[in-house]
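The structure file query32.pdb is reproduced below (PDB, N, CA and C atoms).
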ATOM      1  N   MET C 235     -22.135  12.273   2.222
ATOM      2  CA  MET C 235     -21.296  11.970   3.372
ATOM      3  C   MET C 235     -20.932  13.270   4.067
ATOM      4  N   SER C 236     -20.865  13.193   5.367
ATOM      5  CA  SER C 236     -20.563  14.388   6.139
ATOM      6  C   SER C 236     -19.064  14.682   6.123
ATOM      7  N   ALA C 237     -18.742  15.886   6.530
ATOM      8  CA  ALA C 237     -17.333  16.284   6.582
ATOM      9  C   ALA C 237     -16.554  15.401   7.557
ATOM     10  N   GLY C 238     -17.206  15.011   8.645
ATOM     11  CA  GLY C 238     -16.553  14.150   9.630
ATOM     12  C   GLY C 238     -16.172  12.797   9.053
ATOM     13  N   THR C 239     -17.018  12.276   8.176
ATOM     14  CA  THR C 239     -16.723  10.994   7.535
ATOM     15  C   THR C 239     -15.499  11.111   6.649
ATOM     16  N   TRP C 240     -15.437  12.193   5.870
ATOM     17  CA  TRP C 240     -14.281  12.401   4.990
ATOM     18  C   TRP C 240     -13.000  12.573   5.799
ATOM     19  N   ILE C 241     -13.094  13.249   6.922
ATOM     20  CA  ILE C 241     -11.921  13.423   7.786
ATOM     21  C   ILE C 241     -11.464  12.073   8.331
ATOM     22  N   ALA C 242     -12.421  11.247   8.764
ATOM     23  CA  ALA C 242     -12.085   9.926   9.291
ATOM     24  C   ALA C 242     -11.426   9.059   8.216
ATOM     25  N   VAL C 243     -11.963   9.113   7.001
ATOM     26  CA  VAL C 243     -11.371   8.351   5.895
ATOM     27  C   VAL C 243      -9.952   8.844   5.613
ATOM     28  N   GLY C 244      -9.758  10.147   5.620
ATOM     29  CA  GLY C 244      -8.427  10.716   5.397
ATOM     30  C   GLY C 244      -7.432  10.307   6.469
ATOM     31  N   ILE C 245      -7.871  10.313   7.714
ATOM     32  CA  ILE C 245      -6.994   9.900   8.812
ATOM     33  C   ILE C 245      -6.650   8.419   8.672
ATOM     34  N   TYR C 246      -7.658   7.595   8.368
ATOM     35  CA  TYR C 246      -7.419   6.160   8.188
ATOM     36  C   TYR C 246      -6.386   5.916   7.082
ATOM     37  N   LEU C 247      -6.584   6.550   5.932
ATOM     38  CA  LEU C 247      -5.652   6.348   4.819
ATOM     39  C   LEU C 247      -4.265   6.881   5.141
ATOM     40  N   GLY C 248      -4.199   7.977   5.870
ATOM     41  CA  GLY C 248      -2.904   8.515   6.278
ATOM     42  C   GLY C 248      -2.156   7.564   7.200
ATOM     43  N   VAL C 249      -2.882   6.993   8.167
ATOM     44  CA  VAL C 249      -2.266   6.040   9.095
ATOM     45  C   VAL C 249      -1.830   4.778   8.345
ATOM     46  N   MET C 250      -2.708   4.251   7.480
ATOM     47  CA  MET C 250      -2.359   3.047   6.719
ATOM     48  C   MET C 250      -1.162   3.301   5.807
ATOM     49  N   SER C 251      -1.096   4.481   5.224
ATOM     50  CA  SER C 251       0.043   4.817   4.366
ATOM     51  C   SER C 251       1.332   4.876   5.167
ATOM     52  N   ALA C 252       1.281   5.513   6.334
ATOM     53  CA  ALA C 252       2.473   5.618   7.173
ATOM     54  C   ALA C 252       2.929   4.232   7.651
ATOM     55  N   VAL C 253       1.981   3.403   8.070
ATOM     56  CA  VAL C 253       2.321   2.054   8.538
ATOM     57  C   VAL C 253       2.902   1.232   7.389
ATOM     58  N   SER C 254       2.287   1.314   6.224
ATOM     59  CA  SER C 254       2.767   0.541   5.069
ATOM     60  C   SER C 254       4.185   0.942   4.678
ATOM     61  N   ALA C 255       4.456   2.234   4.638
ATOM     62  CA  ALA C 255       5.800   2.713   4.299
ATOM     63  C   ALA C 255       6.809   2.292   5.365
ATOM     64  N   ALA C 256       6.414   2.390   6.627
ATOM     65  CA  ALA C 256       7.323   2.019   7.715
ATOM     66  C   ALA C 256       7.646   0.519   7.690
ATOM     67  N   VAL C 257       6.633  -0.312   7.460
ATOM     68  CA  VAL C 257       6.853  -1.760   7.414
ATOM     69  C   VAL C 257       7.725  -2.125   6.203
ATOM     70  N   THR C 258       7.499  -1.446   5.083
ATOM     71  CA  THR C 258       8.322  -1.684   3.895
ATOM     72  C   THR C 258       9.782  -1.320   4.173
ATOM     73  N   ALA C 259      10.006  -0.180   4.799
ATOM     74  CA  ALA C 259      11.368   0.240   5.137
ATOM     75  C   ALA C 259      11.994  -0.715   6.150
ATOM     76  N   ALA C 260      11.205  -1.184   7.111
ATOM     77  CA  ALA C 260      11.721  -2.139   8.097
ATOM     78  C   ALA C 260      12.107  -3.455   7.435
ATOM     79  N   ASP C 261      11.332  -3.882   6.442
ATOM     80  CA  ASP C 261      11.667  -5.114   5.725
ATOM     81  C   ASP C 261      12.961  -4.949   4.937
ATOM     82  N   LYS C 262      13.150  -3.784   4.351
ATOM     83  CA  LYS C 262      14.406  -3.517   3.632
ATOM     84  C   LYS C 262      15.583  -3.568   4.611
ATOM     85  N   TYR C 263      15.408  -2.959   5.774
ATOM     86  CA  TYR C 263      16.436  -2.965   6.811
ATOM     87  C   TYR C 263      16.768  -4.405   7.216
ATOM     88  N   SER C 264      15.716  -5.198   7.440
ATOM     89  CA  SER C 264      15.910  -6.597   7.834
ATOM     90  C   SER C 264      16.599  -7.403   6.736
ATOM     91  N   ALA C 265      16.236  -7.130   5.494
ATOM     92  CA  ALA C 265      16.827  -7.850   4.370
ATOM     93  C   ALA C 265      18.334  -7.586   4.263
ATOM     94  N   ARG C 266      18.722  -6.368   4.492
ATOM     95  CA  ARG C 266      20.140  -6.015   4.353
ATOM     96  C   ARG C 266      20.986  -6.577   5.487
ATOM     97  N   ARG C 267      20.345  -6.870   6.621
ATOM     98  CA  ARG C 267      21.089  -7.356   7.777
ATOM     99  C   ARG C 267      20.865  -8.833   8.077
ATOM    100  N   GLY C 268      20.101  -9.503   7.224
ATOM    101  CA  GLY C 268      19.867 -10.931   7.414
ATOM    102  C   GLY C 268      18.960 -11.249   8.582
ATOM    103  N   LEU C 269      18.107 -10.323   8.956
ATOM    104  CA  LEU C 269      17.196 -10.532  10.077
ATOM    105  C   LEU C 269      15.876 -11.131   9.591
ATOM    106  N   THR C 270      14.983 -11.416  10.518
ATOM    107  CA  THR C 270      13.675 -11.962  10.175
ATOM    108  C   THR C 270      12.914 -10.959   9.315
ATOM    109  N   ARG C 271      12.335 -11.460   8.214
ATOM    110  CA  ARG C 271      11.676 -10.607   7.234
ATOM    111  C   ARG C 271      10.184 -10.521   7.482
ATOM    112  N   VAL C 272       9.581  -9.501   6.908
ATOM    113  CA  VAL C 272       8.129  -9.350   6.926
ATOM    114  C   VAL C 272       7.579 -10.244   5.817
ATOM    115  N   PRO C 273       6.611 -11.109   6.131
ATOM    116  CA  PRO C 273       6.050 -11.972   5.082
ATOM    117  C   PRO C 273       5.406 -11.151   3.958
ATOM    118  N   GLU C 274       5.535 -11.658   2.737
ATOM    119  CA  GLU C 274       4.950 -10.946   1.593
ATOM    120  C   GLU C 274       3.436 -10.822   1.722
ATOM    121  N   LYS C 275       2.797 -11.814   2.329
ATOM    122  CA  LYS C 275       1.351 -11.738   2.560
ATOM    123  C   LYS C 275       1.002 -10.516   3.402
ATOM    124  N   THR C 276       1.829 -10.221   4.391
ATOM    125  CA  THR C 276       1.587  -9.068   5.256
ATOM    126  C   THR C 276       1.704  -7.770   4.462
ATOM    127  N   LEU C 277       2.710  -7.692   3.607
ATOM    128  CA  LEU C 277       2.880  -6.491   2.794
ATOM    129  C   LEU C 277       1.682  -6.292   1.866
ATOM    130  N   PHE C 278       1.223  -7.372   1.239
ATOM    131  CA  PHE C 278       0.058  -7.252   0.359
ATOM    132  C   PHE C 278      -1.207  -6.912   1.146
ATOM    133  N   LEU C 279      -1.339  -7.443   2.348
ATOM    134  CA  LEU C 279      -2.506  -7.122   3.179
ATOM    135  C   LEU C 279      -2.520  -5.644   3.542
ATOM    136  N   LEU C 280      -1.372  -5.118   3.930
ATOM    137  CA  LEU C 280      -1.289  -3.688   4.240
ATOM    138  C   LEU C 280      -1.647  -2.840   3.017
ATOM    139  N   ALA C 281      -1.168  -3.255   1.853
ATOM    140  CA  ALA C 281      -1.483  -2.529   0.623
ATOM    141  C   ALA C 281      -2.981  -2.568   0.346
ATOM    142  N   ALA C 282      -3.582  -3.744   0.500
ATOM    143  CA  ALA C 282      -5.010  -3.894   0.229
ATOM    144  C   ALA C 282      -5.875  -3.119   1.224
ATOM    145  N   CYS C 283      -5.356  -2.903   2.419
ATOM    146  CA  CYS C 283      -6.115  -2.181   3.446
ATOM    147  C   CYS C 283      -5.978  -0.662   3.342
ATOM    148  N   GLY C 284      -5.313  -0.184   2.302
ATOM    149  CA  GLY C 284      -5.266   1.261   2.091
ATOM    150  C   GLY C 284      -3.884   1.869   1.969
ATOM    151  N   GLY C 285      -2.844   1.082   2.116
ATOM    152  CA  GLY C 285      -1.498   1.638   2.048
ATOM    153  C   GLY C 285      -0.772   1.372   0.744
ATOM    154  N   SER C 286      -1.507   1.063  -0.307
ATOM    155  CA  SER C 286      -0.883   0.633  -1.566
ATOM    156  C   SER C 286      -0.036   1.718  -2.228
ATOM    157  N   VAL C 287      -0.532   2.922  -2.289
ATOM    158  CA  VAL C 287       0.212   3.996  -2.967
ATOM    159  C   VAL C 287       1.507   4.303  -2.206
ATOM    160  N   ALA C 288       1.403   4.446  -0.899
ATOM    161  CA  ALA C 288       2.588   4.745  -0.092
ATOM    162  C   ALA C 288       3.610   3.611  -0.170
ATOM    163  N   MET C 289       3.115   2.362  -0.157
ATOM    164  CA  MET C 289       4.029   1.223  -0.238
ATOM    165  C   MET C 289       4.737   1.200  -1.585
ATOM    166  N   TYR C 290       3.999   1.436  -2.659
ATOM    167  CA  TYR C 290       4.601   1.429  -3.992
ATOM    168  C   TYR C 290       5.658   2.523  -4.117
ATOM    169  N   VAL C 291       5.337   3.720  -3.665
ATOM    170  CA  VAL C 291       6.289   4.834  -3.725
ATOM    171  C   VAL C 291       7.516   4.523  -2.867
ATOM    172  N   CYS C 292       7.292   3.999  -1.671
ATOM    173  CA  CYS C 292       8.410   3.665  -0.775
ATOM    174  C   CYS C 292       9.301   2.601  -1.406
ATOM    175  N   MET C 293       8.692   1.571  -1.985
ATOM    176  CA  MET C 293       9.482   0.513  -2.618
ATOM    177  C   MET C 293      10.332   1.055  -3.754
ATOM    178  N   LYS C 294       9.776   1.967  -4.532
ATOM    179  CA  LYS C 294      10.548   2.569  -5.626
ATOM    180  C   LYS C 294      11.675   3.449  -5.082
ATOM    181  N   LEU C 295      11.383   4.226  -4.047
ATOM    182  CA  LEU C 295      12.388   5.145  -3.495
ATOM    183  C   LEU C 295      13.562   4.418  -2.850
ATOM    184  N   ILE C 296      13.275   3.350  -2.105
ATOM    185  CA  ILE C 296      14.357   2.652  -1.406
ATOM    186  C   ILE C 296      14.832   1.415  -2.178
ATOM    187  N   ARG C 297      14.288   1.229  -3.384
ATOM    188  CA  ARG C 297      14.655   0.100  -4.256
ATOM    189  C   ARG C 297      14.516  -1.232  -3.533
ATOM    190  N   HIS C 298      13.318  -1.447  -3.019
ATOM    191  CA  HIS C 298      13.031  -2.686  -2.288
ATOM    192  C   HIS C 298      11.958  -3.469  -3.023
ATOM    193  N   LYS C 299      12.261  -4.696  -3.347
ATOM    194  CA  LYS C 299      11.365  -5.614  -4.058
ATOM    195  C   LYS C 299      11.005  -5.129  -5.463
ATOM    196  N   THR C 300      11.830  -4.283  -6.038
ATOM    197  CA  THR C 300      11.547  -3.765  -7.373
ATOM    198  C   THR C 300      11.796  -4.810  -8.459
ATOM    199  N   LYS C 301      12.485  -5.886  -8.132
ATOM    200  CA  LYS C 301      12.699  -6.954  -9.111
ATOM    201  C   LYS C 301      11.671  -8.076  -8.954
ATOM    202  N   HIS C 302      10.803  -7.960  -7.964
ATOM    203  CA  HIS C 302       9.757  -8.954  -7.746
ATOM    204  C   HIS C 302       8.535  -8.565  -8.579
ATOM    205  N   LEU C 303       8.292  -9.335  -9.617
ATOM    206  CA  LEU C 303       7.180  -9.053 -10.513
ATOM    207  C   LEU C 303       5.847  -9.020  -9.771
ATOM    208  N   SER C 304       5.706  -9.859  -8.752
ATOM    209  CA  SER C 304       4.444  -9.889  -8.008
ATOM    210  C   SER C 304       4.154  -8.548  -7.347
ATOM    211  N   PHE C 305       5.192  -7.834  -6.935
ATOM    212  CA  PHE C 305       4.982  -6.520  -6.316
ATOM    213  C   PHE C 305       4.869  -5.413  -7.360
ATOM    214  N   MET C 306       5.675  -5.470  -8.379
ATOM    215  CA  MET C 306       5.659  -4.404  -9.379
ATOM    216  C   MET C 306       4.405  -4.440 -10.252
ATOM    217  N   LEU C 307       3.751  -5.586 -10.338
ATOM    218  CA  LEU C 307       2.460  -5.670 -11.024
ATOM    219  C   LEU C 307       1.302  -5.712 -10.030
ATOM    220  N   GLY C 308       1.530  -6.365  -8.895
ATOM    221  CA  GLY C 308       0.472  -6.526  -7.903
ATOM    222  C   GLY C 308       0.045  -5.234  -7.238
ATOM    223  N   LEU C 309       1.005  -4.404  -6.854
ATOM    224  CA  LEU C 309       0.648  -3.143  -6.194
ATOM    225  C   LEU C 309      -0.111  -2.199  -7.133
ATOM    226  N   PRO C 310       0.339  -1.995  -8.377
ATOM    227  CA  PRO C 310      -0.486  -1.174  -9.277
ATOM    228  C   PRO C 310      -1.875  -1.772  -9.512
ATOM    229  N   ALA C 311      -1.968  -3.097  -9.550
ATOM    230  CA  ALA C 311      -3.284  -3.734  -9.713
ATOM    231  C   ALA C 311      -4.179  -3.436  -8.513
ATOM    232  N   ILE C 312      -3.611  -3.471  -7.322
ATOM    233  CA  ILE C 312      -4.376  -3.131  -6.117
ATOM    234  C   ILE C 312      -4.809  -1.672  -6.165
ATOM    235  N   ILE C 313      -3.908  -0.793  -6.592
ATOM    236  CA  ILE C 313      -4.237   0.633  -6.685
ATOM    237  C   ILE C 313      -5.390   0.850  -7.671
ATOM    238  N   ILE C 314      -5.332   0.191  -8.815
ATOM    239  CA  ILE C 314      -6.403   0.324  -9.816
ATOM    240  C   ILE C 314      -7.720  -0.211  -9.251
ATOM    241  N   ALA C 315      -7.666  -1.350  -8.570
ATOM    242  CA  ALA C 315      -8.881  -1.918  -7.970
ATOM    243  C   ALA C 315      -9.457  -0.981  -6.909
ATOM    244  N   GLN C 316      -8.588  -0.373  -6.113
ATOM    245  CA  GLN C 316      -9.062   0.557  -5.088
ATOM    246  C   GLN C 316      -9.679   1.807  -5.721
ATOM    247  N   CYS C 317      -9.088   2.298  -6.787
ATOM    248  CA  CYS C 317      -9.666   3.459  -7.491
ATOM    249  C   CYS C 317     -11.038   3.090  -8.064
ATOM    250  N   GLY C 318     -11.146   1.884  -8.610
ATOM    251  CA  GLY C 318     -12.432   1.423  -9.127
ATOM    252  C   GLY C 318     -13.477   1.306  -8.034
ATOM    253  N   ALA C 319     -13.069   0.821  -6.870
ATOM    254  CA  ALA C 319     -14.000   0.696  -5.746
ATOM    255  C   ALA C 319     -14.460   2.065  -5.260
ATOM    256  N   VAL C 320     -13.548   3.025  -5.211
ATOM    257  CA  VAL C 320     -13.918   4.390  -4.802
ATOM    258  C   VAL C 320     -14.872   5.001  -5.823
ATOM    259  N   TRP C 321     -14.577   4.808  -7.100
ATOM    260  CA  TRP C 321     -15.457   5.341  -8.149
ATOM    261  C   TRP C 321     -16.849   4.727  -8.046
ATOM    262  N   ALA C 322     -16.903   3.401  -7.868
ATOM    263  CA  ALA C 322     -18.198   2.716  -7.771
ATOM    264  C   ALA C 322     -18.971   3.174  -6.536
ATOM    265  N   ALA C 323     -18.290   3.298  -5.422
ATOM    266  CA  ALA C 323     -18.955   3.762  -4.201
ATOM    267  C   ALA C 323     -19.480   5.185  -4.384
ATOM    268  N   HIS C 324     -18.681   6.026  -4.998
ATOM    269  CA  HIS C 324     -19.113   7.406  -5.239
ATOM    270  C   HIS C 324     -20.327   7.437  -6.165
ATOM    271  N   ALA C 325     -20.303   6.615  -7.209
ATOM    272  CA  ALA C 325     -21.422   6.573  -8.150
ATOM    273  C   ALA C 325     -22.695   6.084  -7.463
ATOM    274  N   LEU C 326     -22.580   5.125  -6.558
ATOM    275  CA  LEU C 326     -23.754   4.608  -5.859
ATOM    276  C   LEU C 326     -24.288   5.577  -4.806
ATOM    277  N   LEU C 327     -23.378   6.240  -4.120
ATOM    278  CA  LEU C 327     -23.800   7.118  -3.021
ATOM    279  C   LEU C 327     -24.261   8.495  -3.482
ATOM    280  N   PHE C 328     -23.738   8.966  -4.613
ATOM    281  CA  PHE C 328     -24.010  10.331  -5.026
ATOM    282  C   PHE C 328     -24.663  10.427  -6.393
ATOM    283  N   ARG C 329     -25.571   9.521  -6.713
ATOM    284  CA  ARG C 329     -26.231   9.624  -8.014
ATOM    285  C   ARG C 329     -27.414  10.529  -7.994
TER     286      ARG C 329
END
Take the structure from the file and write it as structure tokens.
Amino acid sequence: MSAGTWIAVGIYLGVMSAVSAAVTAADKYSARRGLTRVPEKTLFLLAACGGSVAMYVCMKLIRHKTKHLSFMLGLPAIIIAQCGAVWAAHALLFR
């Protein structure tokens, strides 16, 4: 893969991480004020699209959804699956 590809992947993951953390913080804000919440499906979709690590760290830092087993087990599971996908892609592309 070229350097440009790696830069594009880094930018994509950076943007997804920032969006995931921001949406998580916005949901916490909404929860505390009784406003309309972000659906859990949306949070999981953002995590699956590349923002899982940032979302997990943000949730731990702001103590949001830390009692929801689906998030405390689901996000690490997504992270492990994403690491496996990166490893498999690397093994296929660079053997």
I need the residue nearest Gly285 of chain C from this list: C:Ser264, C:Ser251, C:Gln316, C:Thr270. Use only C-alpha atoms for the distance. C:Ser251
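With all atoms listed in the file as the atoms that count, the residue of C:Leu295, C:Ala325, C:Met289, C:Ser304 with the shortest distance to Ala256 of chain C is C:Met289.
Taking only C-alpha atoms into account, Met293 of chain C lies nearest to C:Val257 out of the set C:Ala323, C:Pro273, C:Val257, C:Phe328.
Rounded to one decimal, atom C of Tyr290 of chain C and atom CA of Ala255 of chain C lie 8.4 Å from each other.
Using all atoms listed in the file, the residues found no farther than 8 Å from segment 280-282 of chain C, other than those of its own chain fewer than 3 positions away, are Met250, Ser251, Val253, Ser254, Glu274, Lys275, Thr276, Leu277, Gly285, Ser286, Val287, Ala288, Met289, Tyr290, Leu309, Ile312, Ile313 and Gln316 of chain C.
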Atom pair atom CA of Lys294 of chain C / atom C of Ile314 of chain C: separation (Å): 18.8 Å
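Among the candidate residues C:Val249, C:Lys262, C:Leu269, C:Ile241, the one lying nearest to Arg297 of chain C is C:Lys262, with distances computed using only N, CA and C atoms.
Rounded to one decimal, atom C of Thr239 of chain C and atom N of Leu327 of chain C lie 14.2 Å from each other.
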So that I can check the secondary structure, give me every residue of chain C assigned alpha helix (DSSP H) by backbone DSSP, as a ChimeraX atom specification. /C:237-267,274-280,286-296,303-327
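Nearest to Gly248 of chain C of all the residues C:His298, C:Gly284, C:Ala319, C:Gly308 is C:Gly284, based on only C-alpha atoms.
Ranking C:Cys292, C:Met235, C:Met306, C:Ala259 by their shortest atom-to-atom distance to His324 of chain C, with only C-alpha atoms included, puts C:Met235 first.
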